[in-house]
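Below you'll find the structure, written out as structure tokens, and then a few comments.
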Amino acid sequence: MTPRVLLTHPVDRGAWARLAEHTNLTVWPGPYPIPAEALARELSSRDGLVCLLADVIASTLLDQSPNLRAVANLAVGYDNIDVAHASRLGIAVTNTPDVLTEATAELTWAILLALVRGVVPARQALLDGQWRYWSPTGFLGRGLFGQTLGIVGMGRIGRAVAASAPAFGMSVVALGSRGTHPYPRLERDAFLAAADVVALHVPLTRDTLRMVDASFLAGMKPGAFLVNTARGGLVDEGALLAALDRGQLAGAALDVFEQEPVDGRHPLASHPRVLATPHIGSATVATRAAMADRAVDNLLMALAGQRPRDLVNPYAWPGRCSPSPP
Ligand code: NAP
Ligand code: GLV
């Protein structure tokens with residue numbers, strides 16, 4: 001029988017057409033993101049799901065979806081999904097690694113450079129008619145040349161960010177011993193003492209939740225910068241606000257927040273030393289198309305009984321009869 005699939009948001013036309021060709025597809029017509037009750041109702045009779053990182057795929061939802069065999073997340077991060085519970089139920093969960101690595105690394109550099117050089121306030125001053133003459137003391141920022149970039153999470157994106165550091169005259173250090181890479185590996189105190197910029201590239205897990213807390217921030221160099229294009233939940237936002245207010249940190253570039261979306265009233269997003277963007281790490285036309293392709297490939301493979309390329313819970317495979325994770 002043709003599998004019944006729910007797509008919670010329109011995606012690139014090519015990927016969407018392939019999904020429609022091979023499945024009995026329902027595309028949620030809006031409002032977006034799909035409300036929790038609608039998701040539960042729609043999913044209760046589906047075999048497969050393509051969802052966004054904003055869609056919370058909790059254990060109760062999975063329990064209420066007896067036919068569900070595969071969940072394809074349109075993101076590399078999958079902290080929105082109760083993967084352990086999906087594994088217990090034999091539901092395959094997939095993500096979209098690799099295809100967004102370069103786009104997210106670019107965005108990391110874009111917001112870091114804009115932050116340290118004060119690009120956004122300088123533009124605003126120009127628009128406000130405040131650029132009256134070339135002043136030797138006007139619009140001064142900081143440079144990155146000769147400084148040290150500290151990477152937390154030397155995975156795909158962390159390594160891509162590190163690879164561009166020499167172009168800006170920066171050296172690189174890594175926090176901890178994880179990952180395969182050529183950079184010095186430092187324990188937390190030495191890492192924080194060395195880094196002029198700390199860049200977060202770890203997934204959000206029980207271990208990394210609020211890893212950037214008051215003590216982490218207090219260990220950072222006075223006047224250091226933080227850039228977070230990973231997940232908002234990595235940072236204790238109250239502690240970051242306090243560190244910015246007391247001048248411990250020179251600034252933060254934040255693409256992600258603990259509760260999204262935020263607006264201009266959010267105390268961090270509106271802080272004068274913060275450059276905030278609306279979770280746009282992977283937001284290029286080509287990257288979003290590639291992500292949609294990858295998610296659709298994964299879902300179609302799983303529903304056809306083939307092990308999907310980006311299976312994040314191998315214990316769930318080949319199906320509901322598989323043993324649970326240890
Ligand atoms: P990845 O290749 O899995 O890299 C994550 C790295 O973090 C791995 O090397 C991992 O080591 C390491 N790590 C995990 N826990 C750690 C810890 N406690 N301390 C130090 N290192 C730790 O993932 P990725 O593709 O680079 O993506 C990283 C994250 O970026 C995603 O999970 C997602 O949340 C976020 N992201 C955001 C955007 C955006 O739009 N802003 C776009 C894409 C991705 P092990 O392999 O040893 O576990
Ligand atoms: C985006 O945040 C992703 O995880 O792909």
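Labeling convention for the structure tokens: chains A, B, ... as they appear, residues from 1 per chain, ligands from 1 in order of appearance.
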
For A:Ser215, list every protein, DNA or RNA residue within 12 Å, evaluated using only C-alpha atoms, and leave out those in the same chain fewer than 6 positions away; present the list as a VMD selection string. chain A and resid 188 to 189 192 235 to 236 239 to 240 242 to 243 248

Taking only C-alpha atoms into account, produce a table as a Markdown table in which each residue of stretch 170-271 of chain A with an atom at most 9 Å from an atom of stretch 115-130 of chain A appears once, together with its shortest atom pair and the distance in Å to one decimal, ordered by chain and rising number.
```
| residue | atom | partner | partner_atom | distance |
| --- | --- | --- | --- | --- |
| A:Phe225 | CA | A:Val116 | CA | 8.0 |
| A:Ala250 | CA | A:Val116 | CA | 8.6 |
| A:Gly251 | CA | A:Leu115 | CA | 7.3 |
| A:Ala252 | CA | A:Leu115 | CA | 7.4 |
| A:Ala253 | CA | A:Leu115 | CA | 6.4 |
```

Counting only C-alpha atoms and all ligand atoms, name the residues that have an atom within 9 Å of an atom of ligand 1; the answer should be given as a PyMOL selection string. chain A and resi 75-79+96-101+103-105+107-108+151-160+174-180+200-205+207-208+211+228-232+254-256+278-283

Using DSSP on the backbone coordinates, identify all residues within stretch 12-164 of chain A classified as helix (DSSP H, G or I); present the result as an NGL selection string. :A and (13-22 or 36-43 or 59-63 or 83-88 or 101-116 or 119-127 or 156-164)

Store the residues picked out above, limited to C-alpha atoms, as a PDB file, in the first residue's frame.
```pdb
ATOM      1  CA  ARG A  13       9.395  22.038  -5.320  1.00  0.00           C
ATOM      2  CA  GLY A  14      11.622  19.225  -6.593  1.00  0.00           C
ATOM      3  CA  ALA A  15      11.766  17.394  -3.283  1.00  0.00           C
ATOM      4  CA  TRP A  16       8.073  18.011  -2.679  1.00  0.00           C
ATOM      5  CA  ALA A  17       7.178  16.583  -6.114  1.00  0.00           C
ATOM      6  CA  ARG A  18       9.239  13.436  -5.476  1.00  0.00           C
ATOM      7  CA  LEU A  19       7.524  12.933  -2.142  1.00  0.00           C
ATOM      8  CA  ALA A  20       4.117  13.427  -3.749  1.00  0.00           C
ATOM      9  CA  GLU A  21       4.996  10.956  -6.537  1.00  0.00           C
ATOM     10  CA  HIS A  22       5.949   8.128  -4.203  1.00  0.00           C
ATOM     11  CA  ALA A  36       0.516  20.663  18.339  1.00  0.00           C
ATOM     12  CA  GLU A  37      -3.124  19.448  18.288  1.00  0.00           C
ATOM     13  CA  ALA A  38      -3.207  19.464  14.483  1.00  0.00           C
ATOM     14  CA  LEU A  39       0.092  17.583  14.337  1.00  0.00           C
ATOM     15  CA  ALA A  40      -1.265  14.917  16.695  1.00  0.00           C
ATOM     16  CA  ARG A  41      -4.467  14.607  14.688  1.00  0.00           C
ATOM     17  CA  GLU A  42      -2.736  14.503  11.289  1.00  0.00           C
ATOM     18  CA  LEU A  43       0.009  12.126  12.384  1.00  0.00           C
ATOM     19  CA  SER A  59       6.948  10.700  23.290  1.00  0.00           C
ATOM     20  CA  THR A  60       3.181  11.227  23.717  1.00  0.00           C
ATOM     21  CA  LEU A  61       2.854  12.213  20.068  1.00  0.00           C
ATOM     22  CA  LEU A  62       4.793   9.138  18.973  1.00  0.00           C
ATOM     23  CA  ASP A  63       2.609   6.935  21.204  1.00  0.00           C
ATOM     24  CA  VAL A  83      14.784   9.932  19.663  1.00  0.00           C
ATOM     25  CA  ALA A  84      15.080   7.475  22.555  1.00  0.00           C
ATOM     26  CA  HIS A  85      11.334   6.937  22.541  1.00  0.00           C
ATOM     27  CA  ALA A  86      11.220   6.678  18.751  1.00  0.00           C
ATOM     28  CA  SER A  87      13.895   3.986  19.020  1.00  0.00           C
ATOM     29  CA  ARG A  88      11.844   2.078  21.590  1.00  0.00           C
ATOM     30  CA  THR A 101      27.716  22.691   6.866  1.00  0.00           C
ATOM     31  CA  GLU A 102      29.206  25.417   4.661  1.00  0.00           C
ATOM     32  CA  ALA A 103      26.143  27.667   4.798  1.00  0.00           C
ATOM     33  CA  THR A 104      26.103  27.541   8.593  1.00  0.00           C
ATOM     34  CA  ALA A 105      29.848  28.158   8.799  1.00  0.00           C
ATOM     35  CA  GLU A 106      29.434  31.179   6.510  1.00  0.00           C
ATOM     36  CA  LEU A 107      26.680  32.586   8.694  1.00  0.00           C
ATOM     37  CA  THR A 108      28.870  32.087  11.749  1.00  0.00           C
ATOM     38  CA  TRP A 109      31.597  34.209  10.175  1.00  0.00           C
ATOM     39  CA  ALA A 110      29.065  36.714   8.834  1.00  0.00           C
ATOM     40  CA  ILE A 111      27.553  37.520  12.224  1.00  0.00           C
ATOM     41  CA  LEU A 112      30.881  37.341  14.048  1.00  0.00           C
ATOM     42  CA  LEU A 113      32.533  39.810  11.650  1.00  0.00           C
ATOM     43  CA  ALA A 114      29.499  42.094  11.682  1.00  0.00           C
ATOM     44  CA  LEU A 115      29.456  42.033  15.490  1.00  0.00           C
ATOM     45  CA  VAL A 116      33.115  42.787  16.122  1.00  0.00           C
ATOM     46  CA  VAL A 119      28.450  46.825  11.051  1.00  0.00           C
ATOM     47  CA  VAL A 120      24.773  46.917  12.056  1.00  0.00           C
ATOM     48  CA  PRO A 121      24.933  50.013  14.311  1.00  0.00           C
ATOM     49  CA  ALA A 122      27.175  51.774  11.767  1.00  0.00           C
ATOM     50  CA  ARG A 123      24.625  51.139   9.024  1.00  0.00           C
ATOM     51  CA  GLN A 124      21.847  52.395  11.290  1.00  0.00           C
ATOM     52  CA  ALA A 125      23.831  55.553  12.072  1.00  0.00           C
ATOM     53  CA  LEU A 126      24.256  56.186   8.337  1.00  0.00           C
ATOM     54  CA  LEU A 127      20.528  55.696   7.697  1.00  0.00           C
ATOM     55  CA  ARG A 156      31.273  19.188  10.613  1.00  0.00           C
ATOM     56  CA  ILE A 157      30.329  22.846  11.182  1.00  0.00           C
ATOM     57  CA  GLY A 158      32.972  23.506  13.847  1.00  0.00           C
ATOM     58  CA  ARG A 159      35.690  22.240  11.492  1.00  0.00           C
ATOM     59  CA  ALA A 160      34.313  24.301   8.586  1.00  0.00           C
ATOM     60  CA  VAL A 161      34.383  27.437  10.746  1.00  0.00           C
ATOM     61  CA  ALA A 162      37.909  26.621  11.926  1.00  0.00           C
ATOM     62  CA  ALA A 163      39.062  26.102   8.324  1.00  0.00           C
ATOM     63  CA  SER A 164      38.355  29.769   7.514  1.00  0.00           C
TER      64      SER A 164
END
```

For a test of reading the model, state the distance in Å between atom CA of A:Val27 and atom CA of A:Arg46, rounded to one decimal. 12.0 Å

DSSP on the backbone: which residues in stretch 145-188 of chain A end up as strand (DSSP E)? Give the answer as number ranges by chain. A: 148-152, 171-175, 185-186

Selection file, all heavy atoms, as a JSON list (two decimals), in the first residue's frame:
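Writing the result to out_19.json gives the following:
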```json
[["chain", "number", "residue", "atom", "x", "y", "z"],
["A", 148, "THR", "N", 42.51, 34.52, 18.91],
["A", 148, "THR", "CA", 42.30, 33.07, 18.99],
["A", 148, "THR", "C", 40.81, 32.75, 18.97],
["A", 148, "THR", "O", 40.03, 33.32, 19.74],
["A", 148, "THR", "CB", 42.95, 32.51, 20.27],
["A", 148, "THR", "OG1", 44.34, 32.78, 20.21],
["A", 148, "THR", "CG2", 42.73, 31.00, 20.39],
["A", 149, "LEU", "N", 40.45, 31.83, 18.10],
["A", 149, "LEU", "CA", 39.07, 31.35, 17.99],
["A", 149, "LEU", "C", 38.95, 30.03, 18.74],
["A", 149, "LEU", "O", 39.67, 29.07, 18.42],
["A", 149, "LEU", "CB", 38.72, 31.15, 16.50],
["A", 149, "LEU", "CG", 37.38, 30.50, 16.18],
["A", 149, "LEU", "CD1", 36.22, 31.38, 16.65],
["A", 149, "LEU", "CD2", 37.26, 30.24, 14.68],
["A", 150, "GLY", "N", 38.07, 29.98, 19.72],
["A", 150, "GLY", "CA", 37.85, 28.75, 20.48],
["A", 150, "GLY", "C", 36.59, 28.07, 20.00],
["A", 150, "GLY", "O", 35.50, 28.64, 20.05],
["A", 151, "ILE", "N", 36.74, 26.83, 19.53],
["A", 151, "ILE", "CA", 35.58, 26.12, 18.98],
["A", 151, "ILE", "C", 35.10, 25.07, 19.98],
["A", 151, "ILE", "O", 35.88, 24.23, 20.44],
["A", 151, "ILE", "CB", 35.94, 25.41, 17.66],
["A", 151, "ILE", "CG1", 36.51, 26.42, 16.65],
["A", 151, "ILE", "CG2", 34.76, 24.63, 17.11],
["A", 151, "ILE", "CD1", 35.59, 26.90, 15.60],
["A", 152, "VAL", "N", 33.81, 25.13, 20.29],
["A", 152, "VAL", "CA", 33.18, 24.12, 21.14],
["A", 152, "VAL", "C", 32.37, 23.22, 20.22],
["A", 152, "VAL", "O", 31.33, 23.63, 19.70],
["A", 152, "VAL", "CB", 32.25, 24.78, 22.19],
["A", 152, "VAL", "CG1", 31.67, 23.72, 23.11],
["A", 152, "VAL", "CG2", 32.99, 25.84, 22.98],
["A", 171, "SER", "N", 44.16, 32.06, 15.07],
["A", 171, "SER", "CA", 44.52, 30.68, 15.40],
["A", 171, "SER", "C", 43.32, 30.03, 16.07],
["A", 171, "SER", "O", 42.39, 30.72, 16.52],
["A", 171, "SER", "CB", 45.75, 30.64, 16.30],
["A", 171, "SER", "OG", 45.52, 31.46, 17.41],
["A", 172, "VAL", "N", 43.36, 28.70, 16.14],
["A", 172, "VAL", "CA", 42.18, 27.95, 16.60],
["A", 172, "VAL", "C", 42.57, 27.03, 17.75],
["A", 172, "VAL", "O", 43.63, 26.39, 17.72],
["A", 172, "VAL", "CB", 41.61, 27.10, 15.44],
["A", 172, "VAL", "CG1", 40.47, 26.21, 15.91],
["A", 172, "VAL", "CG2", 41.12, 28.01, 14.30],
["A", 173, "VAL", "N", 41.71, 26.98, 18.77],
["A", 173, "VAL", "CA", 41.83, 25.95, 19.80],
["A", 173, "VAL", "C", 40.46, 25.27, 19.94],
["A", 173, "VAL", "O", 39.43, 25.85, 19.59],
["A", 173, "VAL", "CB", 42.26, 26.53, 21.18],
["A", 173, "VAL", "CG1", 43.68, 27.09, 21.11],
["A", 173, "VAL", "CG2", 41.28, 27.58, 21.69],
["A", 174, "ALA", "N", 40.49, 24.03, 20.43],
["A", 174, "ALA", "CA", 39.25, 23.26, 20.57],
["A", 174, "ALA", "C", 39.02, 22.93, 22.04],
["A", 174, "ALA", "O", 39.97, 22.69, 22.79],
["A", 174, "ALA", "CB", 39.34, 21.97, 19.77],
["A", 175, "LEU", "N", 37.74, 22.92, 22.44],
["A", 175, "LEU", "CA", 37.41, 22.52, 23.81],
["A", 175, "LEU", "C", 37.25, 21.00, 23.86],
["A", 175, "LEU", "O", 36.44, 20.43, 23.13],
["A", 175, "LEU", "CB", 36.10, 23.18, 24.25],
["A", 175, "LEU", "CG", 35.58, 22.74, 25.63],
["A", 175, "LEU", "CD1", 36.55, 23.19, 26.73],
["A", 175, "LEU", "CD2", 34.20, 23.31, 25.90],
["A", 185, "ARG", "N", 43.88, 20.77, 21.67],
["A", 185, "ARG", "CA", 42.70, 20.39, 22.46],
["A", 185, "ARG", "C", 42.95, 20.84, 23.90],
["A", 185, "ARG", "O", 43.91, 20.39, 24.52],
["A", 185, "ARG", "CB", 42.51, 18.87, 22.44],
["A", 185, "ARG", "CG", 42.30, 18.31, 21.06],
["A", 185, "ARG", "CD", 42.57, 16.81, 21.05],
["A", 185, "ARG", "NE", 42.57, 16.29, 19.69],
["A", 185, "ARG", "CZ", 41.49, 15.84, 19.07],
["A", 185, "ARG", "NH1", 40.34, 15.78, 19.70],
["A", 185, "ARG", "NH2", 41.57, 15.42, 17.83],
["A", 186, "LEU", "N", 42.10, 21.72, 24.41],
["A", 186, "LEU", "CA", 42.33, 22.26, 25.75],
["A", 186, "LEU", "C", 41.17, 21.90, 26.67],
["A", 186, "LEU", "O", 40.02, 21.79, 26.24],
["A", 186, "LEU", "CB", 42.46, 23.79, 25.67],
["A", 186, "LEU", "CG", 43.56, 24.34, 24.74],
["A", 186, "LEU", "CD1", 43.56, 25.88, 24.78],
["A", 186, "LEU", "CD2", 44.94, 23.80, 25.12]]
```

Nearest residue to ligand 2 out of A:Val262, A:Leu209, A:Ala304, A:Leu52, using only C-alpha atoms and all ligand atoms?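 Closest to ligand 2, using only C-alpha atoms and all ligand atoms: A:Leu52.
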
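Nearest to A:Gly48 of all the residues A:Leu6, A:Ala190, A:Met220, A:Ala92 is A:Leu6, based on only C-alpha atoms.
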
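The shortest atom-to-atom distance to ligand 2, with only C-alpha atoms and all ligand atoms taken into account, belongs to A:Leu53 out of A:Leu53, A:Val312, A:Met170, A:Leu226.
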
If we count only C-alpha atoms and set the cut-off at 8 Å, which residues sit around A:Ile81, ignoring sequence neighbours fewer than 6 positions away in its own chain? Please answer as a PyMOL selection string. chain A and resi 56-58

Would you compute the distance between atom CA of A:Ala276 and atom 1 (C, counted along the ligand's line) of ligand 2? Give it in Å to one decimal.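 Distance between the two atoms: 15.5 Å.
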
Kindly indicate which residue among A:Gly30, A:Pro272, A:Pro314, A:Gly233 lies nearest to ligand 2, using only C-alpha atoms and all ligand atoms for the distances. A:Gly233

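Note that the spacing between atom CA of A:Ile34 and atom CA of A:Gly238 amounts to 29.3 Å.
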
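Nearest residue to A:Gln306, choosing from A:Ala70, A:Met1, A:Leu234, A:Leu268 and counting only C-alpha atoms: A:Ala70.
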
Hey, which of A:Ala199, A:Met291, A:Val93, A:Val274 ends up closest to ligand 2? Count only C-alpha atoms and all ligand atoms.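 Counting only C-alpha atoms and all ligand atoms, the residue closest to ligand 2 is A:Met291.
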